[in-house]
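J.: Pasting model.txt here (compact mmCIF, C-alpha atoms):
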```
# COMPACT_ATOMS: atom_id res chain seq x y z
CA MET A 1 -38.14 -71.33 131.74
CA THR A 2 -40.81 -73.61 130.24
CA SER A 3 -39.33 -73.13 126.79
CA VAL A 4 -35.86 -74.12 128.02
CA LEU A 5 -37.33 -77.20 129.69
CA GLY A 6 -38.93 -78.16 126.38
CA ILE A 7 -35.55 -77.82 124.64
CA PHE A 8 -33.84 -80.17 127.08
CA LEU A 9 -36.71 -82.67 127.01
CA GLY A 10 -36.45 -82.75 123.23
CA TYR A 11 -32.71 -83.25 123.49
CA ALA A 12 -33.23 -86.09 125.99
CA GLY A 13 -35.77 -87.74 123.69
CA ALA A 14 -33.30 -87.63 120.82
CA GLU A 15 -30.58 -89.13 122.99
CA TYR A 16 -32.80 -92.03 124.07
CA SER A 17 -33.71 -92.70 120.43
CA ARG A 18 -30.04 -92.69 119.46
CA ARG A 19 -29.09 -95.10 122.23
CA ALA A 20 -31.92 -97.41 121.22
CA GLY A 21 -30.54 -97.51 117.69
CA TYR A 22 -33.19 -95.30 116.07
CA ARG A 23 -30.73 -92.88 114.54
CA LEU A 24 -33.06 -91.36 111.96
CA SER A 25 -35.68 -90.67 114.62
CA ALA A 26 -32.98 -89.09 116.77
CA LEU A 27 -31.81 -86.95 113.85
CA SER A 28 -35.36 -85.77 113.20
CA GLU A 29 -35.90 -84.96 116.89
CA LEU A 30 -32.62 -83.02 117.06
CA GLU A 31 -33.56 -81.00 113.99
CA VAL A 32 -36.95 -80.07 115.45
CA THR A 33 -35.40 -79.18 118.81
CA LEU A 34 -32.73 -77.02 117.15
CA SER A 35 -35.49 -75.26 115.22
CA ASN A 36 -37.36 -74.54 118.46
CA LEU A 37 -34.17 -73.26 120.10
CA ASN A 38 -33.49 -71.02 117.13
CA ARG A 39 -37.04 -69.68 117.42
CA ILE A 40 -36.40 -68.63 121.04
CA LEU A 41 -33.14 -66.88 120.17
CA LYS A 42 -34.68 -65.11 117.19
CA SER A 43 -37.54 -63.86 119.36
CA ILE A 44 -35.01 -62.30 121.72
CA ARG A 45 -33.31 -60.59 118.78
CA ILE A 46 -36.65 -59.25 117.54
CA VAL A 47 -37.68 -57.92 120.96
CA ASP A 48 -34.28 -56.25 121.35
CA ARG A 49 -34.69 -54.61 117.94
CA LEU A 50 -38.28 -53.49 118.54
CA SER A 51 -37.39 -52.08 121.97
CA THR A 52 -35.07 -49.60 120.26
CA GLU A 53 -37.71 -48.58 117.75
CA PRO A 54 -40.62 -48.57 117.09
CA ALA A 55 -41.77 -50.01 120.45
CA PRO A 56 -39.60 -48.47 123.20
CA GLN A 57 -42.25 -49.48 125.75
CA LEU A 58 -40.78 -52.99 125.53
CA LYS A 59 -37.81 -51.74 127.55
CA GLN A 60 -40.08 -51.96 130.57
CA VAL A 61 -39.93 -55.75 130.31
CA PHE A 62 -36.69 -56.28 128.39
CA SER A 63 -33.13 -55.23 129.16
CA TRP A 64 -29.62 -56.60 128.74
CA THR A 65 -28.84 -57.99 132.17
CA PRO A 66 -26.26 -60.59 133.24
CA ALA A 67 -29.14 -63.04 133.75
CA LEU A 68 -30.20 -62.62 130.11
CA VAL A 69 -26.65 -63.26 128.89
CA GLU A 70 -26.43 -66.37 131.08
CA TYR A 71 -29.75 -67.52 129.60
CA LEU A 72 -28.35 -67.05 126.09
CA THR A 73 -25.22 -68.93 127.10
CA VAL A 74 -27.25 -71.91 128.31
CA LEU A 75 -29.15 -72.02 125.01
CA ALA A 76 -25.93 -71.66 122.98
CA LYS A 77 -24.27 -74.49 124.91
CA ALA A 78 -27.33 -76.67 124.41
CA ALA A 79 -27.17 -75.94 120.68
CA SER A 80 -23.47 -76.87 120.54
CA PHE A 81 -24.10 -80.17 122.36
CA MET A 82 -26.98 -81.02 120.02
CA LEU A 83 -24.92 -80.19 116.94
CA LYS A 84 -22.10 -82.45 118.11
CA ASP A 85 -24.58 -85.29 118.62
CA THR A 86 -26.10 -84.57 115.21
CA ASP A 87 -22.66 -84.69 113.66
CA ARG A 88 -22.01 -88.10 115.23
CA ILE A 89 -25.31 -89.43 113.86
CA LEU A 90 -24.61 -88.07 110.37
CA LYS A 91 -21.21 -89.79 110.37
CA ALA A 92 -22.51 -93.06 111.78
CA ASP A 93 -25.62 -93.60 109.68
CA LYS A 94 -25.71 -93.03 105.92
CA SER A 95 -28.90 -95.03 105.38
CA TYR A 96 -30.89 -91.94 104.48
CA THR A 97 -28.53 -91.35 101.53
CA ASP A 98 -28.46 -95.06 100.55
CA GLY A 99 -24.76 -95.05 101.30
CA ARG A 100 -24.00 -92.82 98.30
CA PRO A 101 -23.03 -89.14 98.10
CA GLN A 102 -26.02 -86.96 97.26
CA PRO A 103 -24.85 -83.87 95.35
CA GLY A 104 -28.43 -83.07 94.37
CA HIS A 105 -31.12 -80.91 95.87
CA THR A 106 -31.88 -82.47 99.24
CA PHE A 107 -28.43 -82.42 100.81
CA VAL A 108 -25.75 -79.83 101.37
CA GLY A 109 -22.50 -81.38 100.23
CA SER A 110 -22.86 -85.14 100.57
CA ALA A 111 -24.43 -85.64 103.97
CA VAL A 112 -26.18 -82.68 105.64
CA PRO A 113 -29.92 -82.22 104.94
CA VAL A 114 -30.75 -78.78 103.55
CA SER A 115 -33.38 -78.27 106.25
CA LEU A 116 -30.75 -78.73 108.96
CA ALA A 117 -28.26 -76.50 107.14
CA VAL A 118 -30.81 -73.66 107.03
CA ILE A 119 -31.52 -73.95 110.77
CA VAL A 120 -27.84 -73.96 111.72
CA SER A 121 -27.01 -71.04 109.41
CA GLU A 122 -29.74 -68.85 110.88
CA LEU A 123 -28.72 -69.96 114.38
CA GLU A 124 -25.20 -68.72 113.73
CA ILE A 125 -26.48 -65.36 112.46
CA THR A 126 -28.72 -64.87 115.49
CA LEU A 127 -26.05 -65.84 118.02
CA ASP A 128 -23.48 -63.56 116.37
CA VAL A 129 -25.85 -60.60 116.53
CA LEU A 130 -26.94 -61.29 120.11
CA ALA A 131 -23.35 -61.69 121.29
CA ARG A 132 -22.45 -58.37 119.67
CA ARG A 133 -25.43 -56.68 121.31
CA ALA A 134 -24.46 -58.12 124.68
CA GLY A 135 -20.97 -56.69 124.29
CA GLU A 136 -22.31 -53.29 123.23
CA GLU A 137 -24.59 -53.03 126.23
CA GLN A 138 -21.77 -54.03 128.62
CA ALA A 139 -24.38 -55.37 131.02
CA GLN A 140 -22.59 -58.61 131.85
CA GLU A 141 -19.47 -59.92 133.45
CA GLN A 142 -16.64 -60.61 131.01
CA ASP A 143 -16.35 -64.27 131.96
CA VAL A 144 -20.05 -64.81 131.24
CA LEU A 145 -19.65 -63.29 127.78
CA GLU A 146 -16.62 -65.49 127.18
CA HIS A 147 -18.71 -68.60 127.89
CA LEU A 148 -21.23 -67.40 125.30
CA ASN A 149 -18.48 -66.81 122.75
CA GLN A 150 -16.97 -70.23 123.44
CA ALA A 151 -20.32 -71.87 122.71
CA ARG A 152 -20.48 -69.89 119.46
CA ARG A 153 -17.02 -71.12 118.50
CA ASP A 154 -18.06 -74.72 119.19
CA ILE A 155 -21.07 -74.31 116.90
CA ALA A 156 -18.90 -72.72 114.21
CA ALA A 157 -16.42 -75.62 114.37
CA VAL A 158 -19.11 -78.20 113.67
CA SER A 159 -20.83 -76.23 110.91
CA LEU A 160 -17.51 -75.37 109.27
CA ASN A 161 -16.79 -79.07 108.94
CA TRP A 162 -20.24 -79.68 107.46
CA PHE A 163 -19.87 -76.98 104.82
CA ARG A 164 -16.25 -77.64 103.90
CA ASP A 165 -17.14 -80.11 101.14
CA TYR A 166 -19.98 -77.84 100.07
CA GLN A 167 -17.59 -74.96 99.46
CA ARG A 168 -14.58 -76.62 97.90
CA ASP A 169 -13.25 -73.37 96.53
CA ALA A 170 -12.64 -72.01 100.05
CA GLU A 171 -9.36 -72.58 101.80
CA ASP A 172 -9.52 -75.28 104.43
CA GLY A 173 -9.85 -73.77 107.85
CA ASP A 174 -10.08 -70.20 106.54
CA ILE A 175 -13.46 -69.15 107.89
CA LEU A 176 -13.29 -65.66 106.41
CA ALA A 177 -12.50 -66.96 102.92
CA GLU A 178 -15.26 -69.54 103.30
CA SER A 179 -17.74 -66.82 104.23
CA LEU A 180 -16.88 -64.40 101.44
CA GLU A 181 -15.78 -66.52 98.48
CA GLY A 182 -17.91 -65.89 95.41
CA LEU A 183 -20.52 -63.87 97.29
CA ASP A 184 -21.68 -60.27 97.37
CA LEU A 185 -20.54 -60.08 100.99
CA ALA A 186 -16.99 -59.38 99.83
CA ASP A 187 -18.24 -56.38 97.85
CA GLU A 188 -20.39 -55.30 100.77
CA LEU A 189 -17.50 -55.27 103.21
CA ALA A 190 -15.35 -53.39 100.72
CA ALA A 191 -18.16 -50.90 100.22
CA SER A 192 -18.51 -50.49 103.96
CA ARG A 193 -14.89 -49.31 104.12
CA GLU A 194 -15.30 -46.99 101.14
CA THR A 195 -18.28 -45.27 102.73
CA ASP A 196 -16.21 -44.37 105.81
CA LEU A 197 -18.34 -46.34 108.23
CA THR A 198 -17.18 -46.45 111.79
CA GLU A 199 -15.73 -49.68 113.11
CA ASP A 200 -18.95 -50.27 115.05
CA GLU A 201 -21.02 -49.93 111.88
CA ALA A 202 -18.69 -52.25 109.96
CA ALA A 203 -19.03 -54.80 112.78
CA ARG A 204 -22.79 -54.78 112.32
CA TYR A 205 -22.39 -55.85 108.71
CA ARG A 206 -19.90 -58.54 109.68
CA SER A 207 -22.17 -60.00 112.37
CA GLY A 208 -23.45 -63.30 111.09
CA ALA A 209 -21.50 -63.03 107.82
CA ARG A 210 -20.70 -66.75 107.76
CA GLY A 211 -24.30 -67.90 108.30
CA ARG A 212 -25.59 -65.29 105.86
CA ALA A 213 -23.15 -66.46 103.19
CA ARG A 214 -24.30 -70.04 103.58
CA LEU A 215 -27.97 -69.12 103.36
CA LEU A 216 -27.30 -67.19 100.15
CA ARG A 217 -25.58 -70.23 98.67
CA ILE A 218 -28.47 -72.45 99.68
CA LEU A 219 -30.89 -70.02 98.01
CA THR A 220 -28.99 -70.16 94.73
CA ARG A 221 -28.35 -73.93 94.72
CA HIS A 222 -31.38 -75.51 96.39
CA HIS A 223 -34.97 -74.92 95.37
CA TYR A 224 -36.05 -78.25 96.84
CA PRO A 225 -37.29 -79.26 99.34
CA ALA A 226 -39.68 -76.33 98.99
CA LEU A 227 -40.11 -75.96 102.75
CA SER A 228 -36.35 -75.62 103.31
CA ALA A 229 -36.04 -73.10 100.48
CA MET A 230 -38.85 -71.01 101.98
CA GLU A 231 -37.23 -71.13 105.41
CA ALA A 232 -33.96 -69.92 103.87
CA VAL A 233 -35.70 -67.02 102.10
CA LYS A 234 -37.43 -65.99 105.32
CA ALA A 235 -34.17 -66.15 107.31
CA VAL A 236 -32.28 -63.97 104.82
CA ALA A 237 -35.06 -61.40 104.47
CA ASP A 238 -35.69 -61.15 108.22
CA ASP A 239 -31.98 -60.63 108.85
CA VAL A 240 -32.00 -57.58 106.57
CA PHE A 241 -35.19 -56.13 108.07
CA LEU A 242 -33.77 -56.55 111.60
CA PHE A 243 -30.50 -54.76 110.78
CA ASP A 244 -29.80 -52.31 113.60
CA GLY A 245 -27.15 -50.10 111.99
CA ASP A 246 -27.20 -47.11 109.65
CA ARG A 247 -30.00 -47.69 107.16
CA THR A 248 -29.41 -44.60 105.02
CA ASN A 249 -26.32 -45.69 103.10
CA ASP A 250 -26.25 -47.33 99.67
CA LEU A 251 -25.00 -50.61 101.08
CA HIS A 252 -28.08 -51.19 103.21
CA GLN A 253 -30.37 -49.92 100.46
CA LYS A 254 -28.99 -52.57 98.12
CA ARG A 255 -29.60 -55.32 100.67
CA LEU A 256 -33.06 -53.95 101.46
CA ASP A 257 -34.08 -53.97 97.79
CA GLU A 258 -33.04 -57.63 97.55
CA ALA A 259 -34.91 -58.49 100.75
CA VAL A 260 -38.09 -56.90 99.42
CA GLU A 261 -37.93 -59.08 96.32
CA TRP A 262 -37.23 -62.17 98.45
CA LEU A 263 -40.26 -61.43 100.60
CA SER A 264 -42.48 -60.92 97.55
CA GLY A 265 -41.31 -64.29 96.27
CA LEU A 266 -41.94 -65.87 99.66
CA ILE A 267 -45.55 -64.69 99.68
CA ALA A 268 -46.04 -66.13 96.20
CA ARG A 269 -44.40 -69.43 97.18
CA GLU A 270 -46.52 -69.72 100.31
CA SER A 271 -49.73 -69.43 98.31
CA ILE A 272 -48.51 -72.14 95.92
CA TYR A 273 -47.08 -74.43 98.61
CA ASP A 274 -50.25 -73.97 100.69
CA ALA A 275 -49.20 -76.05 103.69
CA PRO A 276 -50.09 -73.92 106.74
CA MET A 277 -49.32 -76.73 109.17
CA HIS A 278 -45.70 -76.82 107.99
CA PHE A 279 -44.96 -73.28 106.80
CA THR A 280 -47.39 -71.50 109.07
CA PRO A 281 -49.11 -68.13 108.46
CA THR A 282 -47.16 -66.88 111.49
CA LYS A 283 -43.91 -67.07 109.56
CA VAL A 284 -45.15 -64.95 106.67
CA ALA A 285 -46.95 -62.59 109.07
CA GLU A 286 -43.73 -62.02 110.99
CA SER A 287 -41.64 -61.26 107.89
CA CYS A 288 -44.26 -58.89 106.46
CA SER A 289 -44.65 -57.17 109.83
CA LEU A 290 -40.90 -56.66 110.23
CA ALA A 291 -40.70 -55.26 106.69
CA VAL A 292 -43.45 -52.77 107.49
CA ILE A 293 -42.85 -51.62 111.05
CA LEU A 294 -39.05 -51.37 110.99
CA GLN A 295 -38.82 -49.06 107.98
CA SER A 296 -38.64 -45.30 108.21
CA ASP A 297 -40.93 -42.88 106.38
CA SER A 298 -38.36 -42.76 103.58
CA HIS A 299 -39.36 -46.33 102.75
CA ARG A 300 -43.07 -45.65 102.55
CA GLU A 301 -43.33 -47.72 99.35
CA ILE A 302 -42.29 -50.83 101.32
CA GLN A 303 -44.94 -50.16 103.93
CA ASN A 304 -47.59 -49.69 101.24
CA ARG A 305 -46.47 -52.87 99.49
CA PHE A 306 -46.62 -55.21 102.47
CA LEU A 307 -48.99 -53.63 105.01
CA SER A 308 -52.10 -55.39 103.68
CA HIS A 309 -50.20 -58.70 103.52
CA ALA A 310 -49.05 -58.22 107.12
CA LEU A 311 -52.57 -57.61 108.41
CA THR A 312 -54.00 -60.52 106.40
CA TYR A 313 -51.43 -63.03 107.58
CA LEU A 314 -51.60 -61.75 111.16
CA GLY A 315 -55.32 -62.49 111.13
CA ARG A 316 -54.71 -65.97 109.71
CA ALA A 317 -51.94 -66.64 112.21
CA ASN A 318 -54.07 -65.70 115.22
CA GLY A 319 -56.99 -67.70 113.89
CA SER A 320 -54.84 -70.82 113.50
CA PHE A 321 -54.52 -71.35 117.25
CA SER A 322 -57.48 -69.43 118.70
CA MET A 323 -60.25 -71.59 117.20
CA GLY A 324 -60.80 -69.18 114.34
CA ARG A 325 -61.67 -70.08 110.77
CA GLU A 326 -58.07 -70.96 109.95
CA TYR A 327 -57.99 -73.40 112.87
CA TYR A 328 -60.93 -75.44 111.55
CA ALA A 329 -59.63 -75.22 107.98
CA ASN A 330 -56.36 -76.77 109.15
CA ILE A 331 -58.23 -79.57 110.94
CA ASN A 332 -59.92 -80.46 107.66
CA ARG A 333 -56.48 -80.76 106.07
CA LEU A 334 -55.27 -83.41 108.52
CA TYR A 335 -54.87 -86.93 107.26
CA TYR A 336 -53.93 -90.29 108.72
CA LEU A 337 -51.11 -92.37 107.31
CA TYR A 338 -50.82 -96.08 108.16
CA ASP A 339 -53.59 -95.67 110.76
CA ASP A 340 -51.51 -93.22 112.76
CA PHE A 341 -50.88 -89.51 112.89
CA ASN A 342 -47.57 -88.66 114.47
CA ASP A 343 -46.05 -85.92 112.34
CA ARG A 344 -43.65 -84.19 114.70
CA ALA A 345 -42.94 -81.39 112.23
CA ARG A 346 -46.59 -80.33 112.16
CA HIS A 347 -46.89 -80.28 115.92
CA SER A 348 -43.66 -78.31 116.23
CA ALA A 349 -44.65 -75.67 113.67
CA HIS A 350 -48.02 -75.19 115.37
CA ALA A 351 -46.34 -74.93 118.79
CA GLN A 352 -43.94 -72.29 117.46
CA SER A 353 -46.93 -70.27 116.24
CA MET A 354 -48.49 -70.40 119.69
CA PHE A 355 -45.13 -69.46 121.24
CA CYS A 356 -45.19 -66.29 119.11
CA SER A 357 -48.72 -65.26 120.13
CA ASP A 358 -47.52 -62.31 122.24
CA MET A 359 -45.24 -61.16 119.43
CA LEU A 360 -48.14 -61.37 116.98
CA ALA A 361 -50.16 -59.07 119.24
CA ILE A 362 -47.34 -56.51 119.16
CA TYR A 363 -47.05 -56.79 115.38
CA SER A 364 -50.80 -56.34 115.01
CA THR A 365 -50.85 -53.19 117.14
CA LEU A 366 -47.93 -51.59 115.31
CA ALA A 367 -49.27 -52.55 111.88
CA ARG A 368 -52.74 -51.16 112.65
CA ASP A 369 -51.18 -47.92 113.90
CA LEU A 370 -49.42 -47.57 110.56
CA ARG A 371 -52.64 -48.31 108.68
CA ASP A 372 -54.54 -45.70 110.67
CA GLY A 373 -51.75 -43.16 110.24
CA ILE A 374 -50.88 -42.95 113.94
```
Here is a file; write its structure as structure tokens.
T.:
Amino acid sequence: MTSVLGIFLGYAGAEYSRRAGYRLSALSELEVTLSNLNRILKSIRIVDRLSTEPAPQLKQVFSWTPALVEYLTVLAKAASFMLKDTDRILKADKSYTDGRPQPGHTFVGSAVPVSLAVIVSELEITLDVLARRAGEEQAQEQDVLEHLNQARRDIAAVSLNWFRDYQRDAEDGDILAESLEGLDLADELAASRETDLTEDEAARYRSGARGRARLLRILTRHHYPALSAMEAVKAVADDVFLFDGDRTNDLHQKRLDEAVEWLSGLIARESIYDAPMHFTPTKVAESCSLAVILQSDSHREIQNRFLSHALTYLGRANGSFSMGREYYANINRLYYLYDDFNDRARHSAHAQSMFCSDMLAIYSTLARDLRDGI
């Protein structure tokens, strides 16, 4: 409940800034709040996945109830409201682009910042997967699920408009063509039919197809800002590691091989970027942990490749907010600009790390069990 309260307080702060005429401050606040909301939803997806395997004990505290679906619906509606406000700000204020289209690195299309595009794309993936899981569990009233799906459609309508100029080769209004045009997803879906997957299995590959397609385009077109590119890599890799369908077919193996390379690149980028107050050790620790603990014994090479990284980054992540060595190292990195220090992005990233403290404890236990051969 505290996390939801924080989301709405952030939304209120952005609204007051917008009404006062500080549109860029409002846009920044909305982006941070959307990132925090996405973090909550992604945590739910991770707990749901871990409760199936390899941590079934989580079912003692997690289950698909009508209350959970209503909670997801509230968050989805909040996201749709914030996106609509963000869209109004983007249309009303072009000062951050100097009034000119920016086809370069920092913007998707001519107006949407890459950082915001990454957040919204991952948000769509997560909501698609959670809505599918809610339907599979059949633990909710149909009207409640419909409210969740309506919020998802509202989000899709806004993001489709944002990306329309970005993907000029897609037919206007054709969401499926927009999602698949020029991407491996078309081949993946075709392969899923050729391998005689059930309709349920095919639906798992289609969940989040639109957001996944956009993230892949961002990865190929935008290597700057570095932070946004790293967030996109993490989102794509985590989505593959969290896949909850059949992981023995060639289709998943192809995606898994790509995700492994993305994660290796992310670790290398993190060491070069070296900004733990922005791209925190928690983010790398989570990706490495998911790569390790969600793979079967048939993927032992993946576990061997990333287990040491997972344990190292888990230690750094815990130390960053528990007064460990990483905590004091980060303090030494702080600087003051214009006699003030008010970097909202740093505070938000650190808060998200603290929010994930319980998840980090679970990752640590599972990773150490693997190391000790349990």
J.: Extract, using all atoms listed in the file, all DNA, RNA and protein residues at most 12 Å from Lys42 (chain A), discarding same-chain residues fewer than 5 positions from it, and format them as a PyMOL selection string.
T.: chain A and resi 35-37+47-49+72+75+119+122-130+235+238-239+242+286+352+356+359
J.: Hey, can you check how far CA of Met277 (chain A) sits from CA of His347 (chain A)?
T.: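 Taking CA of Met277 (chain A) and CA of His347 (chain A), their separation equals 8.0 Å.
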J.: Any idea what's packed within 8 Å of Leu27 (chain A), counting only C-alpha atoms, ignoring anything in its chain fewer than 4 positions away? Could you give it as a list of chain:residue names?
T.: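 Neighbouring residues, sequence-local ones excluded: A:Ala14, A:Arg23, A:Glu31, A:Thr86, A:Ile89.
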J.: Can you list, as a PyMOL selection string, every protein, DNA or RNA residue that comes within 12 Å of Tyr327 (chain A) when you count only C-alpha atoms, leaving out same-chain residues fewer than 4 positions away?
T.: chain A and resi 276-277+280-281+315-323+331-334+350+353
J.: With only C-alpha atoms as the atoms that count, which of A:Ala79, A:Met230, A:Leu256, A:Val69 lies nearest to His299 (chain A)?
T.: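 Distance minimum relative to His299 (chain A) lands on A:Leu256.
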J.: Please measure the separation of CA of Glu258 (chain A) and CA of Arg133 (chain A), giving the value in Å to one decimal.
T.: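 These two atoms are separated by 25.0 Å.
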J.: Do a neighbour search on Ala361 (chain A) at 12 Å with all atoms listed in the file, toss out local chain neighbours closer than 3 positions, and write the hits as a ChimeraX atom specification.
T.: /A:282,285-286,289,311,314-315,317-318,354-358,364-368
J.: Between A:Gly10, A:Pro66, A:Gly373, A:Gly265, which residue has the minimum interatomic distance to Ala229 (chain A), considering only C-alpha atoms?
T.: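 Of A:Gly10, A:Pro66, A:Gly373, A:Gly265, the one nearest Ala229 (chain A), counting only C-alpha atoms, is A:Gly265.
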J.: Go through A:Tyr313, A:Val240, A:Val114, A:Leu90 and flag the residue nearest Arg221 (chain A), using only C-alpha atoms for the distances.
T.: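 Nearest candidate to Arg221 (chain A) out of A:Tyr313, A:Val240, A:Val114, A:Leu90: A:Val114.
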